[in-house]
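*Asks:* I have a structure I would like to understand better, so I am pasting it below and will then ask my questions one at a time.
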Amino acid sequence: MKFVRRIIPVLVMILFIAGCAKKEVPADDTVMRVGSLKGPTSMGLVSLMKKNEEGTSEGKYDFTMAVMADEIAAGLTGGTLDAALIPANLASVLYNKTNGGIVVLNINTLGVLYAVTGDETVKSVSGLAGKTVLSTGQGTTPELSLRYLMSANGITDYEIEFVSEASEAAAILAKDPSRVAVLPQPFVTAACAQNDKLRIAFSLSEAWDQTGSDSKMVTGVTVVRREFLDEHPEVTERFMKEHAQSVEDVQSDYEKAASLIAEYGIVEKAPVALKALPYCNLVSISGDEMKTALSGYLTVLFDQNAKSIGGALPSDDFYYGK
């Protein structure tokens, strides 16, 4: 009897421990609030947006789309957004503004800028020598990227004529196809569709790759607030996985993706989206490859205009996993 009395507590403890071992920690089902801009950086997200709407995504998301980057930036700094797809230089600006409170998860869009013209003599960057090039964004990435490429190709005899927005440059080209403009997708596709004399002369992204730099022209990145990442690492990892799958879905079925892009109002008409998609450079690049490409790109911008990336190059903790 003494033995039985001694062994019973031991058995109870063993059973208790075994029972605890079987219990699984519940998955974090926090709703992630994701912001994005109306344009190419949102195109790779549409498959996940649809799955979330239908309730078939693994995670739970609240998607917000805006026209102006300032709206998304305010959401991140104000804590009403947890993650966002934003211009690469803006990510660096916000990192500096928040003392490291922003982390980059991936590159979602490479270069979407193209030289568009009806001038048959323009086939590469060297063809811009002696030309006046229409461009948006004085002091921002379109100008800085163009100037970098001109310098890398030894071109100094050129002028940049700035316009307020891409639609204005497209209107000028429509009247005079001999002019040259640097335009982003999907404005490139729309402009060429409206005037059969216009064509894509070259991709600025491809021209960048030809400079021999380890960096790449980066349009958009996906960022997360560091506070959210620290509190919900599982949710963040799940979003990265589903975002990467969404990009793969879009790339594997352009027609379906174009329909969704029009449905969500990113581009007004599906046929335009369908033509633009192959030129939008949608990707999901993370890890070391992301850091190499993005840090090199930000260095180029910093060397030309430090203010364009917030005054300083981000530290290693800017890059997820570093």
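Each chain of the structure tokens is named A, B, ... in the order shown, its residues numbered from 1; ligands are numbered from 1 in display order.
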How close does region 181-224 of chain A get to region 91-97 of chain A? List, as JSON lines, each residue of region 181-224 of chain A within 12 Å, its nearest atom pair and the distance in Å to one decimal, counting only C-alpha atoms.
*Replies:*
{"residue": "A:Val218", "atom": "CA", "partner": "A:Ala91", "partner_atom": "CA", "distance": 11.5}
{"residue": "A:Thr219", "atom": "CA", "partner": "A:Ala91", "partner_atom": "CA", "distance": 10.9}
{"residue": "A:Gly220", "atom": "CA", "partner": "A:Ala91", "partner_atom": "CA", "distance": 9.0}
{"residue": "A:Val221", "atom": "CA", "partner": "A:Ala91", "partner_atom": "CA", "distance": 7.5}
{"residue": "A:Thr222", "atom": "CA", "partner": "A:Ala91", "partner_atom": "CA", "distance": 8.5}
{"residue": "A:Val223", "atom": "CA", "partner": "A:Ala91", "partner_atom": "CA", "distance": 7.1}
{"residue": "A:Val224", "atom": "CA", "partner": "A:Ala91", "partner_atom": "CA", "distance": 9.7}
*Asks:* Find the residues around Glu161 (chain A) up to 12 Å (only C-alpha atoms counted), leave out those fewer than 6 positions away in its own chain, and share them as a list of chain:residue names.
*Replies:*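 Contacts, with the query itself left out: A:Lys131, A:Thr132, A:Val133, A:Leu134, A:Ser135, A:Thr136, A:Gly137, A:Gln138, A:Glu143, A:Glu168, A:Ala169, A:Ile172, A:Arg179, A:Val180, A:Ala181, A:Val182.
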*Asks:* Would you please work out which residue, of A:Ala73, A:Leu173, A:Leu110, A:Leu144, is nearest to Leu90 (chain A) when using only C-alpha atoms?
*Replies:*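 Closest to Leu90 (chain A), using only C-alpha atoms: A:Ala73.
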*Asks:* What's the 7 Å shell around region 261-277 of chain A, counting only C-alpha atoms, without same-chain residues fewer than 3 positions away, as a list in words?
*Replies:*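 Once the nearby chain positions are removed, what remains is Lys38, Gly39, Met43, Val46, Gln185, Pro186, Thr189, Ala190, Tyr254, Glu255, Ala257, Ala258 and Cys280 of chain A.
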*Asks:* According to DSSP computed on the backbone, where in region 100-210 of chain A is there helix (DSSP H, G or I)? Give the residues as a PyMOL selection string.
*Replies:* chain A and resi 125-128+141-152+166-175+187-194+204-209
*Asks:* Compare A:Ala171, A:Leu149, A:Ala115, A:Ala129 by their minimum atom-to-atom distance to Ser203 (chain A), counting only C-alpha atoms, and give me the closest one.
*Replies:*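 The answer is A:Ala115, which sits nearest to Ser203 (chain A).
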*Asks:* Enter the distance from CA of Ile86 (chain A) to CA of Trp208 (chain A), in Å, rounded to one decimal.
*Replies:*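 Result for CA of Ile86 (chain A) versus CA of Trp208 (chain A): 20.7 Å, one decimal.
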*Asks:* Calculate how many Å separate CA of Ser205 (chain A) from CA of Asp176 (chain A), rounding to one decimal.
*Replies:* 25.2 Å
*Asks:* At what distance in Å, to one decimal, does CA of Ala193 (chain A) lie from CA of Ala174 (chain A)?
*Replies:*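 Spanning CA of Ala174 (chain A) to CA of Ala193 (chain A) is a straight-line distance of 10.3 Å.
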*Asks:* Please give the complete set of residues from region 46-231 of chain A that DSSP, run on the backbone, assigns to strand (DSSP E), formatted as JSON, numbers by chain.
*Replies:* {"A": [60, 61, 62, 63, 64, 65, 66, 83, 84, 85, 86, 87, 102, 103, 104, 105, 106, 107, 108, 109, 110, 113, 114, 115, 116, 117, 132, 133, 134, 135, 159, 160, 161, 162, 180, 181, 182, 183, 184, 199, 200, 201, 202, 203, 218, 219, 220, 221, 222, 223, 224, 225]}
*Asks:* Any chance you can output those residues with N, CA and C atoms as a compact mmCIF listing (two decimals), in the first residue's frame?
*Replies:*
# COMPACT_ATOMS: atom_id res chain seq x y z
N LYS A 60 -5.28 36.52 -41.97
CA LYS A 60 -6.40 37.46 -42.06
C LYS A 60 -5.84 38.85 -42.29
N TYR A 61 -6.38 39.54 -43.29
CA TYR A 61 -5.82 40.82 -43.68
C TYR A 61 -6.90 41.88 -43.88
N ASP A 62 -6.50 43.12 -43.62
CA ASP A 62 -7.34 44.28 -43.91
C ASP A 62 -6.53 45.14 -44.87
N PHE A 63 -6.91 45.11 -46.16
CA PHE A 63 -6.15 45.82 -47.18
C PHE A 63 -6.69 47.23 -47.40
N THR A 64 -5.77 48.16 -47.52
CA THR A 64 -6.10 49.56 -47.82
C THR A 64 -5.25 50.00 -49.00
N MET A 65 -5.89 50.61 -50.01
CA MET A 65 -5.14 51.10 -51.15
C MET A 65 -5.29 52.61 -51.25
N ALA A 66 -4.20 53.30 -51.52
CA ALA A 66 -4.21 54.75 -51.61
C ALA A 66 -3.54 55.22 -52.90
N ALA A 83 1.76 46.91 -42.14
CA ALA A 83 2.70 46.66 -43.23
C ALA A 83 2.24 47.44 -44.44
N ALA A 84 3.15 47.61 -45.39
CA ALA A 84 2.77 48.36 -46.59
C ALA A 84 3.72 48.08 -47.74
N LEU A 85 3.22 48.27 -48.95
CA LEU A 85 4.01 48.17 -50.17
C LEU A 85 4.23 49.59 -50.66
N ILE A 86 5.48 50.05 -50.58
CA ILE A 86 5.78 51.46 -50.83
C ILE A 86 7.04 51.61 -51.69
N PRO A 87 7.29 52.82 -52.22
CA PRO A 87 8.53 53.06 -52.96
C PRO A 87 9.76 52.78 -52.09
N ILE A 102 11.07 50.77 -38.98
CA ILE A 102 10.56 50.14 -40.19
C ILE A 102 11.54 49.07 -40.67
N VAL A 103 11.02 47.91 -41.04
CA VAL A 103 11.84 46.79 -41.52
C VAL A 103 11.35 46.39 -42.92
N VAL A 104 12.28 46.18 -43.84
CA VAL A 104 11.94 45.74 -45.20
C VAL A 104 11.87 44.23 -45.26
N LEU A 105 10.75 43.71 -45.73
CA LEU A 105 10.56 42.26 -45.83
C LEU A 105 11.02 41.72 -47.18
N ASN A 106 10.69 42.45 -48.23
CA ASN A 106 11.07 42.00 -49.57
C ASN A 106 11.04 43.13 -50.58
N ILE A 107 11.61 42.88 -51.72
CA ILE A 107 11.45 43.74 -52.90
C ILE A 107 10.26 43.18 -53.66
N ASN A 108 9.26 43.99 -53.93
CA ASN A 108 8.08 43.48 -54.64
C ASN A 108 8.00 43.93 -56.10
N THR A 109 8.74 44.97 -56.45
CA THR A 109 8.72 45.46 -57.83
C THR A 109 10.08 46.00 -58.20
N LEU A 110 10.64 45.53 -59.29
CA LEU A 110 11.88 46.09 -59.81
C LEU A 110 11.51 47.28 -60.72
N LEU A 113 10.27 51.84 -65.08
CA LEU A 113 10.45 53.03 -65.91
C LEU A 113 10.97 52.66 -67.30
N TYR A 114 10.39 53.30 -68.30
CA TYR A 114 10.78 53.04 -69.69
C TYR A 114 10.91 54.36 -70.44
N ALA A 115 11.85 54.38 -71.40
CA ALA A 115 11.95 55.51 -72.31
C ALA A 115 10.99 55.25 -73.46
N VAL A 116 10.07 56.18 -73.67
CA VAL A 116 9.04 56.03 -74.69
C VAL A 116 9.17 57.15 -75.72
N THR A 117 9.14 56.81 -76.99
CA THR A 117 9.29 57.81 -78.03
C THR A 117 8.88 57.26 -79.40
N THR A 132 16.25 66.31 -75.09
CA THR A 132 15.53 66.80 -73.93
C THR A 132 14.52 65.72 -73.54
N VAL A 133 14.62 65.23 -72.32
CA VAL A 133 13.80 64.11 -71.88
C VAL A 133 12.72 64.59 -70.92
N LEU A 134 11.49 64.21 -71.21
CA LEU A 134 10.38 64.53 -70.31
C LEU A 134 10.39 63.56 -69.13
N SER A 135 10.18 64.09 -67.93
CA SER A 135 10.18 63.21 -66.76
C SER A 135 9.35 63.83 -65.65
N GLU A 159 19.10 67.37 -71.45
CA GLU A 159 18.28 68.19 -70.57
C GLU A 159 17.10 67.35 -70.10
N ILE A 160 16.60 67.66 -68.90
CA ILE A 160 15.39 67.03 -68.40
C ILE A 160 14.33 68.10 -68.24
N GLU A 161 13.20 67.88 -68.89
CA GLU A 161 12.06 68.80 -68.77
C GLU A 161 11.03 68.13 -67.86
N PHE A 162 10.78 68.75 -66.74
CA PHE A 162 9.90 68.13 -65.75
C PHE A 162 8.44 68.48 -65.98
N VAL A 180 10.86 62.51 -76.31
CA VAL A 180 11.22 61.34 -75.51
C VAL A 180 10.76 61.57 -74.08
N ALA A 181 10.15 60.56 -73.49
CA ALA A 181 9.70 60.68 -72.10
C ALA A 181 10.06 59.42 -71.32
N VAL A 182 10.37 59.60 -70.06
CA VAL A 182 10.55 58.47 -69.15
C VAL A 182 9.24 58.31 -68.39
N LEU A 183 8.58 57.17 -68.61
CA LEU A 183 7.27 56.91 -68.02
C LEU A 183 7.26 55.59 -67.26
N PRO A 184 6.44 55.50 -66.23
CA PRO A 184 6.27 54.23 -65.54
C PRO A 184 5.12 53.44 -66.16
N ARG A 199 6.65 53.94 -79.13
CA ARG A 199 7.16 52.61 -78.81
C ARG A 199 8.06 52.71 -77.58
N ILE A 200 8.31 51.56 -76.98
CA ILE A 200 9.28 51.51 -75.88
C ILE A 200 10.67 51.46 -76.50
N ALA A 201 11.47 52.48 -76.21
CA ALA A 201 12.83 52.53 -76.75
C ALA A 201 13.76 51.61 -75.95
N PHE A 202 13.65 51.67 -74.63
CA PHE A 202 14.43 50.78 -73.78
C PHE A 202 13.92 50.84 -72.35
N SER A 203 14.26 49.82 -71.59
CA SER A 203 13.91 49.74 -70.18
C SER A 203 15.04 50.33 -69.34
N VAL A 218 15.20 49.41 -58.11
CA VAL A 218 14.11 48.91 -57.26
C VAL A 218 13.00 49.95 -57.20
N THR A 219 11.79 49.54 -57.57
CA THR A 219 10.66 50.45 -57.49
C THR A 219 9.96 50.34 -56.15
N GLY A 220 9.53 49.13 -55.79
CA GLY A 220 8.74 48.97 -54.58
C GLY A 220 9.26 47.90 -53.64
N VAL A 221 9.05 48.13 -52.34
CA VAL A 221 9.41 47.15 -51.32
C VAL A 221 8.22 46.96 -50.38
N THR A 222 8.24 45.87 -49.66
CA THR A 222 7.22 45.61 -48.65
C THR A 222 7.85 45.80 -47.27
N VAL A 223 7.23 46.63 -46.45
CA VAL A 223 7.79 46.92 -45.13
C VAL A 223 6.79 46.56 -44.04
N VAL A 224 7.30 46.43 -42.83
CA VAL A 224 6.46 46.15 -41.66
C VAL A 224 6.95 47.02 -40.51
N ARG A 225 6.07 47.45 -39.65
CA ARG A 225 6.49 48.17 -38.44
C ARG A 225 7.24 47.19 -37.53
*Asks:* Could you check which of A:Gly311, A:Leu298, A:Phe239, A:Pro278 is closest to Asp253 (chain A), using only C-alpha atoms?
*Replies:*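 The shortest atom-to-atom distance to Asp253 (chain A) comes from A:Pro278.
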*Asks:* Pick out the closest residue to Lys216 (chain A) from this set: A:Thr292, A:Ser164, A:Ser47, A:Ser286. Count only C-alpha atoms.
*Replies:*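 That would be A:Thr292, the residue with the smallest distance to Lys216 (chain A).
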*Asks:* Calculated over only C-alpha atoms, which of the candidates A:Leu313, A:Val235, A:Met290, A:Ala244 has the smallest distance to Ala27 (chain A)?
*Replies:*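 Using only C-alpha atoms, the shortest distance to Ala27 (chain A) belongs to A:Val235.
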*Asks:* Could you check the closest approach to Lys256 (chain A) for each of A:Val31, A:Val67, A:Ser126, A:Lys50 and tell me which residue wins, using only C-alpha atoms?
*Replies:*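 Of the candidates, the smallest distance to Lys256 (chain A) is held by A:Lys50.
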